[in-house]
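Input: a single structure, listed below in structure tokens.
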Amino acid sequence: MLRHYHQIGLLEPVDVDRATGYRRYSIDQISTAQIIRRFRALEMPLDDIRTVISTTDIRQRNEQINAHLMRLESQLAQTKRAVESLRELLEPGPVAEGRIGYRRVAATEALAISEVVDLGDALTWVQGALAELYATLTAQGVRVGGPAGASSPTS
């Protein structure tokens with residue numbers, strides 16, 4: 001990481017051996033390196049770290065740290081919501097709205113009409129198809145036991 005920090009100008013060594021590429025840092029740079037390591041462990045972006053370590057304005061430094069804290073808290077809240085949602089899916093009991101569950105449904109007779117139509121004609125076609133289906137069922141004395149519907153391929 002030191003090589004990367006040097007390349008982006010975040011922590012430049014006091015000397016680089018031209019033959020070996022070995023980087024040398026001064027004792028004075030240890031605290032800066034530790035600060036960078038600490039903020040990276042806290043997932044702070046490098047540009048934000050650069051701002052924090054380069055400013056002498058304590059207010060600006062604290063604003064940058066606080067902005068990162070707010071991002072982390074927002075991510076934490078999102079993660080908590082995801083965890084709660086997953087736990088709800090695993091809870092035993094009746095299937096509530098939005099929950100996944102298993103149930104058995106008896107076989108159901110259905111009547112359908114299938115045809116390929118242009119998207120612009122779809123609504124008119126569905127209305128005509130449903131009228132034809134209802135007329136056929138009525139003529140045969142069949143009672144409709146559920147809602148009508150339509151489906152289309154997703155691609």
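Labeling convention for the structure tokens: chains A, B, ... as they appear, residues from 1 per chain, ligands from 1 in order of appearance.
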Shell of 10 Å around region 133-147 of chain A, only C-alpha atoms, local chain residues under 6 positions omitted, as a VMD selection string = chain A and resid 108 to 113 127
Give me, as a tab-separated table, the closest atom pair and its distance (Å, one decimal) for every residue of region 36-104 of chain A within a cut-off of 10 Å of region 6-27 of chain A, counting only C-alpha atoms, rows sorted by chain and rising number.
```
residue	atom	partner	partner_atom	distance
A:Ile36	CA	A:Leu11	CA	8.7
A:Leu46	CA	A:Leu10	CA	8.0
A:Asp47	CA	A:Leu10	CA	8.7
A:Ile49	CA	A:Leu10	CA	8.4
A:Arg50	CA	A:Leu10	CA	6.2
A:Thr51	CA	A:Leu10	CA	9.8
A:Ile53	CA	A:Leu10	CA	8.9
A:Ser54	CA	A:Leu10	CA	9.2
```
Please list as a CSV table (one decimal) with C-alpha atoms, in the first residue's frame every residue within 10 Å of region 114-116 of chain A, counting only C-alpha atoms and excluding residues in the same chain fewer than 3 positions away.
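So selection21.csv came out as:
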```csv
chain,number,residue,atom,x,y,z
A,119,LEU,CA,-47.5,-3.9,-27.9
A,122,ALA,CA,-52.1,-5.4,-26.5
A,125,TRP,CA,-56.5,-7.5,-27.8
A,126,VAL,CA,-56.8,-8.4,-24.1
A,129,ALA,CA,-60.0,-12.0,-25.6
A,150,ALA,CA,-53.1,-11.6,-18.8
A,151,SER,CA,-49.4,-12.2,-19.0
A,152,SER,CA,-46.6,-11.4,-21.4
```
Just give me the gap between CA of Ala33 (chain A) and CA of Arg61 (chain A) in Å, one decimal is fine.
-> 16.9 Å
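One distance worth recording is that between CA of Ile30 (chain A) and CA of Tyr5 (chain A), which is 13.6 Å.
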Go through A:Arg59, A:His4, A:Glu91, A:Leu42 one by one, measure the shortest atom-to-atom distance of each to Leu72 (chain A) using only C-alpha atoms, and give the residue with the smallest value.
-> A:Leu42
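Proximity of A:Gln60, A:His68, A:Asp28, A:Leu86 to Pro45 (chain A), computed with only C-alpha atoms, is greatest for A:His68.
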Excluding Arg71 (chain A) and residues on its chain fewer than 4 positions from it, collect all residues at most 12 Å away from it, counting only C-alpha atoms, and give them as a ChimeraX atom specification.
-> /A:42-45,64-67,75-78
